[in-house]
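Have a look at start-v3.pdb; it's PDB, C-alpha atoms and all ligand atoms:
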```
ATOM      1  CA  MET U   1       9.740  13.948 169.197
ATOM      2  CA  SER U   2       8.647  12.028 172.300
ATOM      3  CA  ASN U   3       5.152  10.519 172.314
ATOM      4  CA  LYS U   4       5.047  10.512 176.113
ATOM      5  CA  GLY U   5       1.628  11.571 177.367
ATOM      6  CA  LYS U   6       0.169  11.975 173.885
ATOM      7  CA  ILE U   7      -3.046  10.286 172.841
ATOM      8  CA  LEU U   8      -4.006   9.822 169.201
ATOM      9  CA  VAL U   9      -7.505  11.094 168.447
ATOM     10  CA  GLY U  10      -9.359   9.485 165.554
ATOM     11  CA  ASN U  11      -9.082   5.718 165.922
ATOM     12  CA  LEU U  12     -10.780   4.652 169.151
ATOM     13  CA  ASP U  13      -9.015   1.285 169.488
ATOM     14  CA  GLU U  14      -5.616   2.827 168.850
ATOM     15  CA  SER U  15      -6.310   5.668 171.296
ATOM     16  CA  ALA U  16      -7.466   3.242 173.997
ATOM     17  CA  GLU U  17      -4.348   1.113 173.491
ATOM     18  CA  LYS U  18      -2.094   4.174 173.732
ATOM     19  CA  ALA U  19      -3.875   5.354 176.890
ATOM     20  CA  ARG U  20      -3.570   1.894 178.448
ATOM     21  CA  SER U  21       0.135   1.598 177.640
ATOM     22  CA  TRP U  22       0.819   5.094 178.931
ATOM     23  CA  LEU U  23      -1.031   4.490 182.208
ATOM     24  CA  LEU U  24       0.748   1.188 182.828
ATOM     25  CA  THR U  25       4.159   2.790 182.349
ATOM     26  CA  GLN U  26       3.369   5.626 184.754
ATOM     27  CA  TRP U  27       2.091   3.762 187.826
ATOM     28  CA  PRO U  28       1.886   0.190 189.187
ATOM     29  CA  ILE U  29      -1.462  -1.411 188.321
ATOM     30  CA  GLU U  30      -2.328  -1.653 192.061
ATOM     31  CA  ASP U  31      -2.103   2.136 192.388
ATOM     32  CA  ILE U  32      -4.369   2.621 189.381
ATOM     33  CA  LEU U  33      -6.911   0.189 190.870
ATOM     34  CA  ASP U  34      -6.790   1.952 194.266
ATOM     35  CA  TRP U  35      -7.224   5.325 192.569
ATOM     36  CA  ALA U  36     -10.201   4.066 190.549
ATOM     37  CA  ILE U  37     -11.877   2.451 193.575
ATOM     38  CA  ALA U  38     -11.310   5.539 195.757
ATOM     39  CA  PHE U  39     -13.186   7.657 193.216
ATOM     40  CA  SER U  40     -15.964   5.097 192.660
ATOM     41  CA  LEU U  41     -17.483   4.798 196.130
ATOM     42  CA  TRP U  42     -21.108   3.784 195.654
ATOM     43  CA  PRO U  43     -23.241   3.288 198.779
ATOM     44  CA  PRO U  44     -26.574   1.430 198.588
ATOM     45  CA  HIS U  45     -29.742   3.380 199.388
ATOM     46  CA  PHE U  46     -30.036   2.225 202.985
ATOM     47  CA  THR U  47     -31.111   4.544 205.782
ATOM     48  CA  THR U  48     -31.240   3.324 209.362
ATOM     49  CA  SER U  49     -32.164   6.454 211.296
ATOM     50  CA  CYS U  50     -32.437  10.239 211.546
ATOM     51  CA  CYS U  51     -28.772  10.771 210.543
ATOM     52  CA  GLY U  52     -30.068   9.891 207.067
ATOM     53  CA  CYS U  53     -31.465  13.442 206.704
ATOM     54  CA  GLU U  54     -27.957  14.904 206.957
ATOM     55  CA  PHE U  55     -26.660  12.217 204.627
ATOM     56  CA  ALA U  56     -29.306  13.227 202.063
ATOM     57  CA  ALA U  57     -28.385  16.899 202.489
ATOM     58  CA  SER U  58     -24.766  16.113 201.626
ATOM     59  CA  ALA U  59     -25.894  15.096 198.122
ATOM     60  CA  GLY U  60     -27.554  18.487 197.544
ATOM     61  CA  PRO U  61     -25.997  21.282 195.454
ATOM     62  CA  ARG U  62     -24.297  22.954 198.446
ATOM     63  CA  TYR U  63     -22.022  20.005 199.320
ATOM     64  CA  ASP U  64     -22.417  17.956 196.130
ATOM     65  CA  THR U  65     -20.724  14.745 197.300
ATOM     66  CA  GLU U  66     -21.166  13.295 193.810
ATOM     67  CA  ARG U  67     -18.092  15.298 192.728
ATOM     68  CA  TYR U  68     -16.000  12.817 194.770
ATOM     69  CA  GLY U  69     -17.285   9.923 192.677
ATOM     70  CA  PHE U  70     -19.750   9.150 195.493
ATOM     71  CA  LEU U  71     -23.017   7.927 194.024
ATOM     72  CA  PRO U  72     -25.811   6.272 196.063
ATOM     73  CA  PHE U  73     -27.059   3.301 194.079
ATOM     74  CA  VAL U  74     -30.136   1.081 194.092
ATOM     75  CA  SER U  75     -28.741  -2.457 193.984
ATOM     76  CA  ALA U  76     -26.491  -3.622 196.840
ATOM     77  CA  ARG U  77     -24.665  -5.900 194.375
ATOM     78  CA  GLN U  78     -23.231  -2.918 192.500
ATOM     79  CA  THR U  79     -22.128  -0.992 195.601
ATOM     80  CA  ASN U  80     -18.974  -0.934 197.723
ATOM     81  CA  LEU U  81     -19.579   1.418 200.665
ATOM     82  CA  LEU U  82     -22.113   0.888 203.446
ATOM     83  CA  TYR U  83     -23.033   4.046 205.330
ATOM     84  CA  ILE U  84     -24.612   3.192 208.709
ATOM     85  CA  GLU U  85     -26.683   6.334 209.228
ATOM     86  CA  GLY U  86     -27.256   6.505 212.979
ATOM     87  CA  THR U  87     -29.092   4.093 215.243
ATOM     88  CA  LEU U  88     -29.050   0.445 214.265
ATOM     89  CA  THR U  89     -32.002  -1.345 215.825
ATOM     90  CA  ARG U  90     -32.022  -5.116 216.043
ATOM     91  CA  LYS U  91     -34.603  -5.276 213.240
ATOM     92  CA  MET U  92     -32.564  -3.039 210.923
ATOM     93  CA  ALA U  93     -29.336  -4.812 211.890
ATOM     94  CA  ARG U  94     -30.579  -7.940 210.128
ATOM     95  CA  ALA U  95     -31.294  -5.919 206.966
ATOM     96  CA  ALA U  96     -27.876  -4.229 207.238
ATOM     97  CA  ARG U  97     -26.170  -7.608 207.440
ATOM     98  CA  ILE U  98     -28.052  -8.896 204.370
ATOM     99  CA  VAL U  99     -27.093  -5.773 202.393
ATOM    100  CA  TRP U 100     -23.436  -6.069 203.549
ATOM    101  CA  GLU U 101     -23.234  -9.718 202.481
ATOM    102  CA  GLN U 102     -24.548  -8.890 199.000
ATOM    103  CA  MET U 103     -21.902  -6.214 198.412
ATOM    104  CA  PRO U 104     -18.809  -7.433 196.477
ATOM    105  CA  GLU U 105     -15.241  -7.067 197.773
ATOM    106  CA  PRO U 106     -13.429  -4.781 198.249
ATOM    107  CA  LYS U 107     -16.079  -3.030 200.363
ATOM    108  CA  PHE U 108     -15.970  -0.392 203.079
ATOM    109  CA  ALA U 109     -18.160   0.905 205.887
ATOM    110  CA  ILE U 110     -18.634   4.282 207.535
ATOM    111  CA  ALA U 111     -20.454   4.692 210.874
ATOM    112  CA  MET U 112     -22.289   8.009 211.034
ATOM    113  CA  GLY U 113     -23.365   9.654 214.287
ATOM    114  CA  ALA U 114     -23.013   8.953 217.990
ATOM    115  CA  CYS U 115     -25.633   6.190 217.798
ATOM    116  CA  ALA U 116     -23.582   4.168 215.293
ATOM    117  CA  MET U 117     -20.359   4.763 217.236
ATOM    118  CA  ASP U 118     -21.341   3.797 220.770
ATOM    119  CA  GLY U 119     -25.136   3.859 221.024
ATOM    120  CA  GLY U 120     -25.491   7.625 221.496
ATOM    121  CA  ILE U 121     -28.722   8.561 223.266
ATOM    122  CA  PHE U 122     -29.746   4.898 223.079
ATOM    123  CA  TRP U 123     -26.584   3.718 224.841
ATOM    124  CA  ASN U 124     -27.104   0.359 226.578
ATOM    125  CA  SER U 125     -30.609  -0.030 225.081
ATOM    126  CA  TYR U 126     -31.941  -3.559 224.711
ATOM    127  CA  ASN U 127     -33.085  -2.907 221.128
ATOM    128  CA  THR U 128     -29.973  -1.413 219.500
ATOM    129  CA  VAL U 129     -26.682  -2.907 218.321
ATOM    130  CA  LEU U 130     -23.393  -1.573 216.979
ATOM    131  CA  PRO U 131     -22.196  -2.357 213.422
ATOM    132  CA  GLU U 132     -19.184  -4.344 214.704
ATOM    133  CA  GLU U 133     -21.524  -6.590 216.719
ATOM    134  CA  ILE U 134     -23.089  -7.850 213.478
ATOM    135  CA  GLY U 135     -19.759  -8.291 211.683
ATOM    136  CA  ILE U 136     -19.522  -5.009 209.769
ATOM    137  CA  PRO U 137     -15.970  -3.617 210.212
ATOM    138  CA  ILE U 138     -15.966   0.201 210.232
ATOM    139  CA  ASP U 139     -13.321   2.138 208.306
ATOM    140  CA  VAL U 140     -14.289   5.681 209.307
ATOM    141  CA  PHE U 141     -16.359   6.993 212.235
ATOM    142  CA  ILE U 142     -18.189  10.334 212.116
ATOM    143  CA  PRO U 143     -18.927  11.772 215.583
ATOM    144  CA  GLY U 144     -21.870  14.080 216.322
ATOM    145  CA  CYS U 145     -25.612  14.050 216.792
ATOM    146  CA  PRO U 146     -26.339  14.568 214.022
ATOM    147  CA  PRO U 147     -23.113  15.092 212.082
ATOM    148  CA  ARG U 148     -23.434  17.892 209.560
ATOM    149  CA  PRO U 149     -23.339  17.244 205.772
ATOM    150  CA  GLU U 150     -19.776  18.533 205.527
ATOM    151  CA  ALA U 151     -18.779  15.790 207.998
ATOM    152  CA  VAL U 152     -20.280  13.270 205.559
ATOM    153  CA  ALA U 153     -18.131  14.775 202.791
ATOM    154  CA  ARG U 154     -15.046  14.745 205.013
ATOM    155  CA  ALA U 155     -15.574  11.051 205.828
ATOM    156  CA  ILE U 156     -15.604  10.260 202.106
ATOM    157  CA  ILE U 157     -12.303  12.115 201.603
ATOM    158  CA  THR U 158     -10.808  10.354 204.658
ATOM    159  CA  LEU U 159     -11.816   6.962 203.264
ATOM    160  CA  GLN U 160     -10.359   7.857 199.857
ATOM    161  CA  LYS U 161      -7.036   8.710 201.523
ATOM    162  CA  LYS U 162      -7.131   5.447 203.451
ATOM    163  CA  ILE U 163      -7.765   3.451 200.263
ATOM    164  CA  LYS U 164      -4.947   5.230 198.405
ATOM    165  CA  THR U 165      -2.408   4.808 201.244
ATOM    166  CA  GLN U 166      -3.328   1.328 202.529
ATOM    167  CA  GLY U 167      -4.652  -0.210 199.307
ATOM    168  CA  ALA U 168      -8.230  -1.209 198.553
ATOM    169  CA  PHE U 169      -7.516  -4.923 198.846
ATOM    170  CA  SER U 170      -5.387  -4.798 202.016
ATOM    171  CA  ARG U 171      -8.214  -5.959 204.296
ATOM    172  CA  MET U 172      -8.926  -8.995 202.114
ATOM    173  CA  MET U 173      -5.361 -10.394 202.323
TER     174      MET U 173
HETATM  175  S1  LIG U 201     -26.711  10.329 216.217
HETATM  176 FE1  LIG U 201     -28.456  11.716 216.649
HETATM  177  S2  LIG U 201     -29.258  12.229 214.593
HETATM  178 FE2  LIG U 201     -27.973  10.391 214.378
HETATM  179  S3  LIG U 201     -29.362   8.645 214.580
HETATM  180 FE3  LIG U 201     -28.558   9.077 216.620
HETATM  181  S4  LIG U 201     -30.102  10.433 217.541
HETATM  182 FE4  LIG U 201     -30.437  10.471 215.323
END
```

Would you write out, as structure tokens, the structure that this file holds?
Ligand code: SF4
Amino acid sequence: MSNKGKILVGNLDESAEKARSWLLTQWPIEDILDWAIAFSLWPPHFTTSCCGCEFAASAGPRYDTERYGFLPFVSARQTNLLYIEGTLTRKMARAARIVWEQMPEPKFAIAMGACAMDGGIFWNSYNTVLPEEIGIPIDVFIPGCPPRPEAVARAIITLQKKIKTQGAFSRMM
């Protein structure tokens, strides 16, 4: 009888070894890494503007973004996704850059709202900047003012698809 796909229950070490061997024979290790990273997107708690209210709503029971493996976290050093939630003032841009630099590779960024895309209602203001101007490359843009919580969820799914098709480490090469 074939043992393919079977996992022995009882001895933890033996079960882990069987699971590891089975996984490695099914997919290339890069695909497993991309899959794991796509479902472990942890943004730091970092709110720049009013779009943050919609971002917070997306974590509520109605949209429940945690089911995508999306978990806002306290320490920037254990996170891999920076959500720019709306307007980025010059003061907050400095904080955003510090947070971005502390995040380990591979890391991703999503720009939420018209303000983070092109300035929005603060277009051409002396006191606002765009994420790209401070060296934060954006993977997914979410249009709207403000974007609704389901748009936040959709951006997560879009980024997951991008990671799985292009590879999590592609931007670092
Ligand atoms: S896009 Fe609208 S809701 Fe979002 S930060 Fe700008 S003004 Fe606020």

Any chance you could resolve the PyMOL selection byres (((chain U and resi 167) around 10) and not hetatm) against this file and give the residues as a list in words?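 Given this file, the PyMOL selection byres (((chain U and resi 167) around 10) and not hetatm) evaluates to Glu30, Asp31, Leu33, Asp34, Trp35, Ile37, Ala38, Pro106, Gln160, Lys161, Lys162, Ile163, Lys164, Thr165, Gln166, Ala168, Phe169, Ser170 and Arg171 of chain U.
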
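Residue neighbourhood of Ile134 in chain U, excluding near-sequence residues (fewer than 3 positions): U:Ala93, U:Arg97, U:Val129, U:Leu130, U:Pro131, at 8 Å, using only C-alpha atoms.
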
Kindly provide, as a ChimeraX atom specification, all nucleotide and amino acid residues lying within 9 Å of ligand LIG 201 (chain U), counting only C-alpha atoms and all ligand atoms. /U:48-54,85-88,112-117,119-122,143-147

d(CA of Ile110 in chain U, CA of Arg67 in chain U) in Å: 18.5 Å

Would you pick out the contacts of Ser40 in chain U at 9 Å or less, using all atoms listed in the file, so that residues sharing its chain but fewer than 4 positions from it are not included, and give the list as a PyMOL selection string? chain U and resi 35-36+68-71+80

I need the output of the PyMOL selection byres (((chain U and resi 94-96) around 10) and not hetatm) for this file as a ChimeraX atom specification; which residues are they? /U:46-48,82-84,88-93,97-101,131,134,136
